[in-house]
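The next block is work02.cif, given as mmCIF, C-alpha atoms.
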```cif
data_my_file
loop_
_atom_site.label_atom_id
_atom_site.label_comp_id
_atom_site.auth_asym_id
_atom_site.auth_seq_id
_atom_site.Cartn_x
_atom_site.Cartn_y
_atom_site.Cartn_z
CA MET B 215 23.53 47.16 124.18
CA GLN B 216 23.95 48.75 120.74
CA THR B 217 21.09 50.94 119.54
CA LYS B 218 19.96 52.52 116.28
CA LEU B 219 17.23 54.85 117.47
CA ASP B 220 15.53 57.31 115.17
CA GLN B 221 17.80 60.37 115.18
CA GLN B 222 14.99 62.87 115.65
CA PHE B 223 13.61 61.00 118.68
CA SER B 224 17.03 60.38 120.20
CA GLN B 225 17.61 64.13 120.36
CA THR B 226 14.60 64.61 122.66
CA HIS B 227 14.85 64.29 126.45
CA LYS B 228 12.90 61.01 126.45
CA GLY B 229 14.87 59.68 123.50
CA ASN B 230 18.17 60.53 125.13
CA ARG B 231 17.09 58.90 128.38
CA ALA B 232 15.84 55.78 126.57
CA GLU B 233 19.06 55.39 124.61
CA ASN B 234 21.23 55.78 127.71
CA ILE B 235 19.15 53.23 129.62
CA LEU B 236 19.20 50.74 126.74
CA ARG B 237 22.96 51.08 126.34
CA SER B 238 23.50 50.36 130.05
CA CYS B 239 21.98 46.85 129.75
CA VAL B 240 24.61 44.09 129.35
CA HIS B 241 22.16 41.17 128.85
CA CYS B 242 23.35 39.40 132.02
CA GLY B 243 19.90 38.09 133.00
CA PHE B 244 20.28 38.72 136.73
CA CYS B 245 16.91 40.50 136.58
CA LEU B 246 15.04 37.32 135.67
CA ALA B 247 15.45 35.82 139.14
CA THR B 248 13.68 38.73 140.87
CA CYS B 249 10.97 39.54 138.31
CA PRO B 250 7.52 38.57 139.67
CA THR B 251 5.89 38.19 136.27
CA TYR B 252 8.70 36.03 134.90
CA GLN B 253 8.36 33.82 137.98
CA LEU B 254 4.68 33.31 137.14
CA THR B 255 4.80 32.91 133.35
CA GLY B 256 8.32 31.65 132.65
CA SER B 257 8.24 33.74 129.46
CA GLU B 258 11.36 35.72 128.54
CA LEU B 259 9.11 38.44 127.12
CA ASP B 260 7.57 38.85 130.59
CA SER B 261 11.02 39.52 132.05
CA PRO B 262 12.89 42.83 132.20
CA ARG B 263 15.45 41.64 129.65
CA GLY B 264 12.71 40.55 127.25
CA ARG B 265 10.84 43.82 127.64
CA ILE B 266 14.04 45.76 127.02
CA TYR B 267 14.37 44.00 123.66
CA LEU B 268 10.74 44.82 122.85
CA ILE B 269 11.23 48.50 123.68
CA LYS B 270 14.50 48.62 121.73
CA SER B 271 12.72 47.17 118.69
CA LEU B 272 9.93 49.71 119.10
CA LEU B 273 12.33 52.64 119.37
CA GLU B 274 14.18 51.47 116.28
CA GLN B 275 10.86 51.78 114.41
CA ASN B 276 10.33 48.08 113.84
CA LYS B 277 6.78 46.75 113.69
CA VAL B 278 5.14 46.02 117.03
CA SER B 279 1.97 44.10 117.83
CA GLN B 280 -0.69 44.16 120.49
CA LYS B 281 1.14 41.21 122.06
CA SER B 282 4.09 43.53 122.64
CA LEU B 283 1.73 45.95 124.37
CA GLN B 284 0.43 43.10 126.57
CA HIS B 285 3.94 42.13 127.65
CA LEU B 286 4.61 45.76 128.63
CA ASP B 287 1.25 45.95 130.42
CA ASN B 288 2.15 42.80 132.38
CA CYS B 289 5.09 44.64 133.94
CA LEU B 290 4.35 45.78 137.51
CA SER B 291 7.01 48.54 137.43
CA CYS B 292 7.99 47.14 140.83
CA ARG B 293 11.70 47.85 140.19
CA ALA B 294 12.90 44.65 141.81
CA CYS B 295 15.01 44.24 138.68
CA GLU B 296 16.66 47.59 139.38
CA THR B 297 17.69 46.43 142.84
CA THR B 298 19.24 43.29 141.32
CA CYS B 299 20.81 44.86 138.22
CA PRO B 300 24.62 45.20 138.48
CA SER B 301 24.64 47.79 135.67
CA GLY B 302 22.12 50.19 137.21
CA VAL B 303 19.55 49.93 134.39
CA GLU B 304 16.66 52.31 135.23
CA PHE B 305 14.07 49.94 133.87
CA ALA B 306 10.88 51.55 135.21
CA GLU B 307 11.63 54.81 133.41
CA LEU B 308 12.27 52.92 130.17
CA VAL B 309 8.99 51.02 130.48
CA ASP B 310 7.05 54.28 130.90
CA ILE B 311 8.64 55.60 127.69
CA GLY B 312 7.93 52.37 125.83
CA ARG B 313 4.33 52.19 126.96
CA GLU B 314 3.64 55.75 125.86
CA LEU B 315 5.04 55.13 122.38
CA VAL B 316 3.08 51.89 121.84
CA GLU B 317 -0.17 53.25 123.26
CA TYR B 318 -1.56 53.68 119.74
CA LYS B 319 -1.84 49.88 119.54
CA ARG B 320 -4.31 49.78 122.41
CA PRO B 321 -7.95 49.00 121.50
CA ILE B 322 -10.31 51.94 121.87
CA TRP B 323 -12.35 50.20 124.59
CA GLN B 324 -9.22 49.81 126.72
CA LYS B 325 -8.36 53.47 126.23
CA ILE B 326 -11.83 54.49 127.40
CA ILE B 327 -11.65 52.27 130.50
CA ARG B 328 -8.15 53.46 131.44
CA HIS B 329 -9.10 57.10 130.96
CA SER B 330 -12.22 56.60 133.09
CA VAL B 331 -10.25 54.95 135.91
CA ARG B 332 -7.61 57.71 135.87
CA SER B 333 -10.28 60.39 135.98
CA LEU B 334 -12.21 58.68 138.77
CA LEU B 335 -9.19 58.16 141.03
CA THR B 336 -7.86 61.69 140.63
CA THR B 337 -11.20 63.54 140.92
CA PRO B 338 -12.23 63.61 144.60
CA SER B 339 -15.74 64.88 143.88
CA LEU B 340 -16.37 61.64 141.97
CA PHE B 341 -14.20 59.20 143.88
CA ASN B 342 -15.44 60.17 147.34
CA ILE B 343 -18.97 59.11 146.34
CA ILE B 344 -18.00 55.44 145.95
CA ALA B 345 -15.06 55.35 148.39
CA PRO B 346 -17.19 54.55 151.49
CA LEU B 347 -17.91 51.14 149.94
CA PHE B 348 -14.20 50.29 150.19
CA CYS B 349 -13.09 52.29 153.23
CA GLN B 350 -10.44 50.50 155.32
CA SER B 351 -10.32 52.59 158.51
CA THR B 352 -12.18 55.09 160.62
CA ILE B 353 -10.83 57.87 162.81
CA LYS B 354 -11.24 56.88 166.48
CA SER B 355 -8.92 59.28 168.32
CA ASP B 356 -9.02 63.02 168.87
CA ALA B 357 -6.72 65.35 166.99
CA ILE B 358 -3.69 66.41 169.03
CA GLU B 359 -2.66 70.05 169.17
CA THR B 360 1.03 70.97 168.97
CA ASP B 361 3.19 73.91 169.94
CA ALA B 362 5.20 73.45 166.71
CA LYS B 363 8.45 73.86 168.65
CA ASN B 364 10.35 71.75 166.12
CA GLY B 365 9.01 73.34 162.95
CA ARG B 366 6.56 72.76 160.11
CA VAL B 367 6.17 69.94 157.61
CA LEU B 368 4.02 69.34 154.53
CA LEU B 369 2.03 66.08 154.50
CA LEU B 370 1.14 64.65 151.09
CA THR B 371 -2.50 63.76 151.66
CA GLY B 372 -2.88 61.64 148.52
CA CYS B 373 -5.75 61.45 146.06
CA VAL B 374 -7.38 58.21 147.32
CA GLN B 375 -5.94 57.70 150.81
CA PRO B 376 -8.12 60.33 152.58
CA ALA B 377 -11.25 58.47 151.48
CA LEU B 378 -10.04 54.85 151.64
CA SER B 379 -7.94 54.99 154.81
CA PRO B 380 -8.59 58.31 156.59
CA ASN B 381 -6.96 57.15 159.81
CA THR B 382 -3.56 56.97 158.09
CA ASN B 383 -3.27 60.73 157.65
CA HIS B 384 -4.99 61.36 160.99
CA ALA B 385 -2.56 59.11 162.86
CA THR B 386 0.39 60.67 161.04
CA LYS B 387 -0.67 64.17 162.06
CA ASN B 388 -1.09 63.07 165.68
CA VAL B 389 2.33 61.42 165.74
CA LEU B 390 3.96 64.50 164.24
CA SER B 391 2.11 66.71 166.72
CA LYS B 392 3.43 64.62 169.63
CA LEU B 393 6.92 65.21 168.26
CA GLY B 394 6.42 68.97 168.09
CA TYR B 395 5.70 69.54 164.38
CA ALA B 396 2.93 71.61 162.81
CA VAL B 397 1.42 69.89 159.79
CA THR B 398 0.18 71.46 156.57
CA GLU B 399 -1.72 69.09 154.30
CA THR B 400 -1.95 69.10 150.53
CA PRO B 401 -5.51 69.15 149.15
CA GLN B 402 -6.90 65.80 148.03
CA GLN B 403 -7.14 66.89 144.39
CA GLN B 404 -3.38 67.54 144.32
CA CYS B 405 -2.32 64.15 142.90
CA CYS B 406 1.42 63.40 142.70
CA GLY B 407 0.99 62.36 139.06
CA ALA B 408 1.83 58.67 139.45
CA ILE B 409 -1.55 57.36 138.25
CA ASN B 410 -1.26 59.24 134.95
CA GLN B 411 2.49 58.69 134.58
CA HIS B 412 2.29 54.92 134.76
CA THR B 413 -0.79 54.51 132.56
CA SER B 414 0.63 56.23 129.48
CA ALA B 415 -0.87 59.65 130.18
CA GLN B 416 2.50 61.34 130.67
CA ASP B 417 1.39 64.73 129.36
CA ALA B 418 -1.38 64.91 131.97
CA ALA B 419 1.09 63.75 134.63
CA LEU B 420 3.54 66.49 133.67
CA VAL B 421 0.84 69.13 134.14
CA GLN B 422 0.18 67.80 137.66
CA VAL B 423 3.89 67.60 138.44
CA LYS B 424 4.55 71.19 137.41
CA GLN B 425 1.59 72.44 139.44
CA ASN B 426 2.85 70.55 142.48
CA ILE B 427 6.38 71.84 142.10
CA ASP B 428 5.14 75.44 141.87
CA GLU B 429 2.91 75.08 144.94
CA TRP B 430 5.41 73.19 147.10
CA GLU B 431 8.30 75.45 146.17
CA LYS B 432 6.30 78.37 147.59
CA LEU B 433 5.61 76.47 150.81
CA LEU B 434 9.28 75.54 151.20
CA ALA B 435 10.16 79.22 150.82
CA LEU B 436 7.64 80.05 153.57
CA GLY B 437 9.28 77.75 156.09
CA ILE B 438 8.14 74.18 155.41
CA GLN B 439 11.13 72.03 156.33
CA THR B 440 10.22 68.62 154.96
CA ILE B 441 7.68 67.12 152.55
CA ILE B 442 6.40 63.89 154.09
CA SER B 443 4.79 60.99 152.28
CA THR B 444 2.92 58.17 153.98
CA ALA B 445 2.16 56.40 150.69
CA SER B 446 5.44 55.08 149.33
CA GLY B 447 4.06 55.08 145.78
CA CYS B 448 3.57 58.84 145.99
CA GLY B 449 6.94 59.24 147.64
CA VAL B 450 8.88 57.54 144.86
CA MET B 451 7.01 59.54 142.23
CA VAL B 452 7.95 62.84 143.87
CA LYS B 453 11.56 61.75 144.37
CA ASP B 454 11.66 60.91 140.65
CA TYR B 455 10.41 64.35 139.54
CA PRO B 456 13.89 65.47 138.35
CA LYS B 457 14.02 62.60 135.83
CA LEU B 458 11.02 64.07 134.01
CA PHE B 459 12.92 67.20 132.95
CA ALA B 460 16.00 67.81 130.86
CA SER B 461 18.86 69.40 132.81
CA ASN B 462 18.42 72.69 130.92
CA ASP B 463 14.67 72.84 131.66
CA SER B 464 13.71 75.58 134.13
CA TYR B 465 11.75 72.99 136.13
CA HIS B 466 14.68 70.63 136.60
CA GLN B 467 16.34 72.45 139.49
CA LYS B 468 12.94 73.16 141.05
CA ALA B 469 12.18 69.44 140.86
CA VAL B 470 15.53 68.63 142.48
CA ALA B 471 14.75 71.04 145.35
CA VAL B 472 11.34 69.42 145.94
CA ALA B 473 12.67 65.86 145.64
CA THR B 474 15.53 66.38 148.08
CA LYS B 475 13.10 67.72 150.69
CA THR B 476 10.78 64.72 150.38
CA LYS B 477 10.95 61.86 152.88
CA ASP B 478 8.91 58.80 153.70
CA ILE B 479 7.33 59.11 157.15
CA ALA B 480 9.56 56.26 158.46
CA GLU B 481 12.63 57.97 157.02
CA PHE B 482 11.64 61.14 158.88
CA LEU B 483 10.81 59.43 162.18
CA LEU B 484 14.10 57.56 162.34
CA GLU B 485 15.79 60.95 162.73
CA GLN B 486 13.57 61.95 165.68
CA ASP B 487 13.48 61.35 169.43
CA LEU B 488 10.62 58.83 169.64
CA SER B 489 10.43 58.57 173.43
CA ALA B 490 7.06 60.34 173.39
CA LEU B 491 5.46 57.51 171.41
CA SER B 492 3.79 54.48 172.97
CA PRO B 493 3.21 51.98 170.17
CA GLN B 494 0.37 49.48 170.27
CA LYS B 495 1.86 46.11 171.22
CA THR B 496 0.30 43.79 168.68
CA LYS B 497 1.83 40.81 166.90
CA ILE B 498 2.38 42.14 163.40
CA SER B 499 3.68 41.06 160.02
CA TYR B 500 5.15 43.76 157.77
CA HIS B 501 4.80 43.96 154.00
CA ALA B 502 7.47 46.15 152.40
CA PRO B 503 6.07 47.88 149.29
CA CYS B 504 8.17 47.74 146.14
CA SER B 505 7.94 51.52 145.84
CA LEU B 506 9.79 51.83 149.16
CA GLN B 507 12.40 49.08 149.01
CA HIS B 508 13.12 49.14 145.26
CA GLY B 509 11.80 52.52 144.08
CA GLN B 510 13.08 54.73 146.90
CA LYS B 511 16.00 52.35 147.60
CA LEU B 512 15.09 52.18 151.30
CA PRO B 513 15.14 48.45 152.13
CA ASN B 514 14.53 47.48 155.77
CA LEU B 515 13.59 51.08 156.63
CA VAL B 516 10.27 50.43 158.39
CA GLU B 517 11.51 47.14 159.80
CA SER B 518 14.35 49.01 161.52
CA LEU B 519 11.94 51.58 162.94
CA LEU B 520 9.51 48.96 164.24
CA GLU B 521 12.30 46.91 165.80
CA LYS B 522 13.70 50.06 167.41
CA LEU B 523 10.32 50.54 169.07
CA GLY B 524 10.14 47.00 170.43
CA TYR B 525 8.47 44.91 167.73
CA ASP B 526 9.78 41.40 167.05
CA LEU B 527 9.29 40.87 163.33
CA SER B 528 9.45 37.42 161.81
CA PRO B 529 11.24 37.26 158.43
CA VAL B 530 8.85 37.16 155.45
CA VAL B 531 9.74 34.76 152.66
CA ASP B 532 10.24 36.49 149.28
CA SER B 533 9.74 39.90 150.90
CA HIS B 534 11.39 41.47 147.83
CA LEU B 535 8.55 40.35 145.53
CA CYS B 536 5.52 42.48 144.66
CA CYS B 537 2.10 41.86 146.23
CA GLY B 538 0.41 42.55 142.88
CA SER B 539 -1.10 45.94 143.69
CA ALA B 540 1.34 48.19 141.77
CA GLY B 541 -0.92 51.25 141.60
CA THR B 542 -3.67 50.57 139.07
CA TYR B 543 -2.12 47.25 138.00
CA SER B 544 -4.52 45.17 140.10
CA LEU B 545 -7.43 46.84 138.28
CA PHE B 546 -6.10 46.26 134.76
CA GLN B 547 -4.29 42.94 135.28
CA PRO B 548 -6.48 41.22 137.92
CA GLU B 549 -5.52 37.60 137.22
CA MET B 550 -1.79 38.07 137.67
CA ALA B 551 -2.34 40.49 140.56
CA LYS B 552 -4.41 37.88 142.42
CA GLN B 553 -1.76 35.19 141.95
CA LEU B 554 0.89 37.49 143.39
CA ARG B 555 -1.40 38.46 146.28
CA THR B 556 -2.07 34.83 147.15
CA ASN B 557 1.66 34.11 147.29
CA LYS B 558 2.35 37.24 149.33
CA LEU B 559 -0.41 36.62 151.88
CA SER B 560 0.70 33.02 152.36
CA ASN B 561 4.11 34.29 153.42
CA LEU B 562 2.79 37.21 155.49
CA ASN B 563 0.41 34.96 157.43
CA GLU B 564 3.07 32.33 158.12
CA SER B 565 3.87 33.94 161.49
CA GLN B 566 0.15 33.96 162.46
CA ALA B 567 0.26 37.70 163.13
CA GLU B 568 -2.78 39.54 164.48
CA LEU B 569 -2.25 42.41 162.07
CA ILE B 570 -0.54 43.00 158.72
CA VAL B 571 0.98 46.44 158.30
CA THR B 572 2.41 48.14 155.25
CA SER B 573 3.52 51.54 153.93
CA ASN B 574 1.37 52.14 150.87
CA ILE B 575 -2.37 52.58 150.38
CA GLY B 576 -2.41 50.48 147.20
CA CYS B 577 -0.78 47.50 148.92
CA GLN B 578 -3.07 47.95 151.92
CA MET B 579 -6.25 47.85 149.82
CA HIS B 580 -5.08 44.99 147.63
CA LEU B 581 -3.93 42.74 150.47
CA ALA B 582 -7.04 43.40 152.55
CA LYS B 583 -9.23 41.91 149.81
CA GLY B 584 -7.52 38.54 150.15
CA THR B 585 -7.31 37.90 153.90
CA ALA B 586 -9.35 37.98 157.08
CA THR B 587 -6.34 39.40 158.94
CA PRO B 588 -6.71 43.19 159.31
CA VAL B 589 -4.37 45.25 157.11
CA LYS B 590 -3.36 48.78 158.08
CA HIS B 591 -0.66 51.37 157.60
CA TRP B 592 1.99 50.86 160.29
CA ILE B 593 1.71 54.51 161.43
CA GLU B 594 -1.69 53.63 162.97
CA LEU B 595 0.18 51.58 165.60
CA PHE B 596 1.51 54.81 167.12
CA ASP B 597 -1.71 56.80 167.50
CA THR B 598 -2.69 55.35 170.90
#
```
Written as structure tokens, how would this file's structure read?
Amino acid sequence: MQTKLDQQFSQTHKGNRAENILRSCVHCGFCLATCPTYQLTGSELDSPRGRIYLIKSLLEQNKVSQKSLQHLDNCLSCRACETTCPSGVEFAELVDIGRELVEYKRPIWQKIIRHSVRSLLTTPSLFNIIAPLFCQSTIKSDAIETDAKNGRVLLLTGCVQPALSPNTNHATKNVLSKLGYAVTETPQQQCCGAINQHTSAQDAALVQVKQNIDEWEKLLALGIQTIISTASGCGVMVKDYPKLFASNDSYHQKAVAVATKTKDIAEFLLEQDLSALSPQKTKISYHAPCSLQHGQKLPNLVESLLEKLGYDLSPVVDSHLCCGSAGTYSLFQPEMAKQLRTNKLSNLNESQAELIVTSNIGCQMHLAKGTATPVKHWIELFDT
């Protein structure tokens, strides 16, 4: 794709990245078949290719409208298009850049609401007051002590997961303890930056990212072997840290060091001897989050682990499509999010499973609102 970006902007890190991404698109349209919003609306402007044209027009300083902002807001940033794209277009990064530049078109009332939601979700002292109303799990087992014979790991606690699904982190620590690992947890207020990054508050996200890199780099130097994420949305954000910095930025290599040490909990467990685990034998249906299969490029990861441990998983129709959660998307785009959830739950419940399991707190909360079938993080199956 030919571009005529403003020269001053194109010389910045974001401008350079945007131009390279735009130029990699060859207009083939393969992305349309896997885009959830295009499947719902049938509108080219609600497809990756359509949004690329909108962002290109914006970056070439053409006039944009609030309708353009709405089409960008409709995007889930699920990255299914990236999995399909034969040219390797890094669409999610481009959308973040486009959204930030068109943010000035947003009505003031929307800005206030979005700022309030970001602040609430990333401030534990506020969020933990209302979280009990939506809590999805309780801790029922005792904490397991470990001799740490196999080393030490850092567990990304998350900013909402400790309050909404406390048994996820508890079960993870118990599983890791059984396998001989000592666990250090990040504090709840140490957000990965994803909430700000994907709601056009990139400057605030960058502050969080730099703080995290500084803290985690110290812990890695003190002997932490692996940074483990149980929320795939947080995991993909951390693995994408290097993209936020130019190659000559002092934080770039630090970000690379942190990202290469970060693994999803399933990714980590597949490398371990799991004979010490006795999973709960329940008929389950697994929902693969977009942030794991498309963002982290780890398709069939959890499915392989569960099958290795004796679970017989029925195939889920359209498993590559988003459930509609997409971080804060379900809060800001509820109508489309509900349509996607209805479709997803219909397919997940087809096997008449006793339990739906997933790998991301956002998906877990969103799906649970639409079904009577319990929804949990799959790691809870192993804390028995």
Q) Near Ile438 of chain B, within 8 Å and counting all atoms listed in the file, which residues show up once chain neighbours fewer than 6 positions away are dropped, as a PyMOL selection string? A) chain B and resi 365-368
Q.
Running the PyMOL selection byres ((chain B and resi 260) around 10) on this model by hand, what would come out? Give it as a list in words.
A.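 For this structure, the PyMOL selection byres ((chain B and resi 260) around 10) captures Leu246, Cys249, Pro250, Thr251, Tyr252, Gln253, Leu254, Thr255, Gly256, Ser257, Glu258, Leu259, Ser261, Pro262, Arg263, Gly264, Arg265, Ser282, Gln284, His285, Leu286, Asp287, Asn288 and Cys289 of chain B.
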Q. Which residue, B:Asp220, B:Lys363, B:Glu304, B:Ile235, has the smallest gap to Asn276 of chain B when you use all atoms listed in the file?
A.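 Closest residue, counting all atoms listed in the file: B:Asp220.
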Q) So which one's closest to Val516 of chain B, B:Leu433, B:Ala247, B:Leu483, B:Leu369? Using only C-alpha atoms, please. A)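 Checking each of B:Leu433, B:Ala247, B:Leu483, B:Leu369 against Val516 of chain B, counting only C-alpha atoms, the winner is B:Leu483.
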Q) Written as a PyMOL selection string, which residues does the PyMOL selection byres ((chain B and resi 418) around 12) give for the file shown? A) chain B and resi 329+332-333+336+405-417+419-425
Q: Pull out every residue that the PyMOL selection byres ((chain B and resi 389) around 10) matches in the shown coordinates and put them as number ranges by chain.
A: B: 357-358, 383-388, 390-395, 483, 488, 490-491, 593-594, 596-598
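When all atoms listed in the file are used to measure the gap to Gly538 of chain B, the shortest distance among B:Ser291, B:Ser224, B:Asn342, B:Gln403 belongs to B:Ser291.
For the pair atom CA of Pro338 of chain B and atom CA of Ile442 of chain B, the interatomic distance is 20.9 Å.
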Q) What does the distance between atom CA of Leu569 of chain B and atom CA of Gly541 of chain B come to in Å, to one decimal place? A) 22.3 Å
Q.
Using all atoms listed in the file, which protein or nucleic acid residues come within 9 Å of Thr382 of chain B? Drop anything in the same chain fewer than 6 positions from it, and give the result as a list of chain:residue names.
A.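 The neighbour list is B:Ser351, B:Ile353, B:Gln375, B:Pro376, B:Thr444, B:Ile575, B:Lys590, B:His591, B:Trp592, B:Ile593, B:Glu594.
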Q. For the atom pair atom CA of Cys242 of chain B and atom CA of Asn561 of chain B, what is the interatomic distance in Å to one decimal place?
A.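 These two atoms are separated by 29.2 Å.
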Need the shell around segment 267-270 of chain B: protein/DNA/RNA residues with any atom at most 10 Å away, counting all atoms listed in the file. Skip same-chain ones fewer than 4 positions apart. Format as a compact mmCIF listing (two decimals) with C-alpha atoms, in the frame of the given file?
```
# COMPACT_ATOMS: atom_id res chain seq x y z
CA MET B 215 23.53 47.16 124.18
CA GLN B 216 23.95 48.75 120.74
CA THR B 217 21.09 50.94 119.54
CA LYS B 218 19.96 52.52 116.28
CA LEU B 219 17.23 54.85 117.47
CA ALA B 232 15.84 55.78 126.57
CA GLU B 233 19.06 55.39 124.61
CA LEU B 236 19.20 50.74 126.74
CA ARG B 237 22.96 51.08 126.34
CA HIS B 241 22.16 41.17 128.85
CA LEU B 259 9.11 38.44 127.12
CA PRO B 262 12.89 42.83 132.20
CA ARG B 263 15.45 41.64 129.65
CA GLU B 274 14.18 51.47 116.28
CA GLN B 275 10.86 51.78 114.41
CA ASN B 276 10.33 48.08 113.84
CA VAL B 278 5.14 46.02 117.03
CA SER B 282 4.09 43.53 122.64
CA LEU B 283 1.73 45.95 124.37
CA HIS B 285 3.94 42.13 127.65
CA LEU B 286 4.61 45.76 128.63
CA LEU B 308 12.27 52.92 130.17
CA VAL B 309 8.99 51.02 130.48
CA ILE B 311 8.64 55.60 127.69
CA GLY B 312 7.93 52.37 125.83
CA ARG B 313 4.33 52.19 126.96
CA LEU B 315 5.04 55.13 122.38
CA VAL B 316 3.08 51.89 121.84
```
Q.
List as a ChimeraX atom specification the protein and nucleic acid residues near Pro548 of chain B, meaning an atom at most 12 Å away when all atoms listed in the file are counted, but skip any in the same chain fewer than 2 places from it.
A. /B:287-288,290,537-540,542-546,550-555,580
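Once Leu484 of chain B and its same-chain neighbours fewer than 2 positions away are set aside, Ile479, Ala480, Glu481, Phe482, Gln486, Asp487, Leu488, Leu515, Val516, Ser518, Leu519, Leu520 and Lys522 of chain B remain within 10 Å of it when counting all atoms listed in the file.
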Q) Which residues, protein or nucleic acid, reach to within 9 Å of (9.6, 51.6, 148.0) in the file's coordinates when using all atoms listed in the file, and can you give that as a VMD selection string? A) chain B and resid 292 to 293 446 to 447 449 to 450 502 to 513 573 to 574
Around segment 532-549 of chain B, fit a box with edges along x, y and z, padding it by 3 Å on each side, then list its centre and edge lengths in Å to one decimal as AutoDock Vina command-line options.
```
--center_x 2.0 --center_y 43.9 --center_z 142.8 --size_x 24.8 --size_y 20.8 --size_z 22.1
```
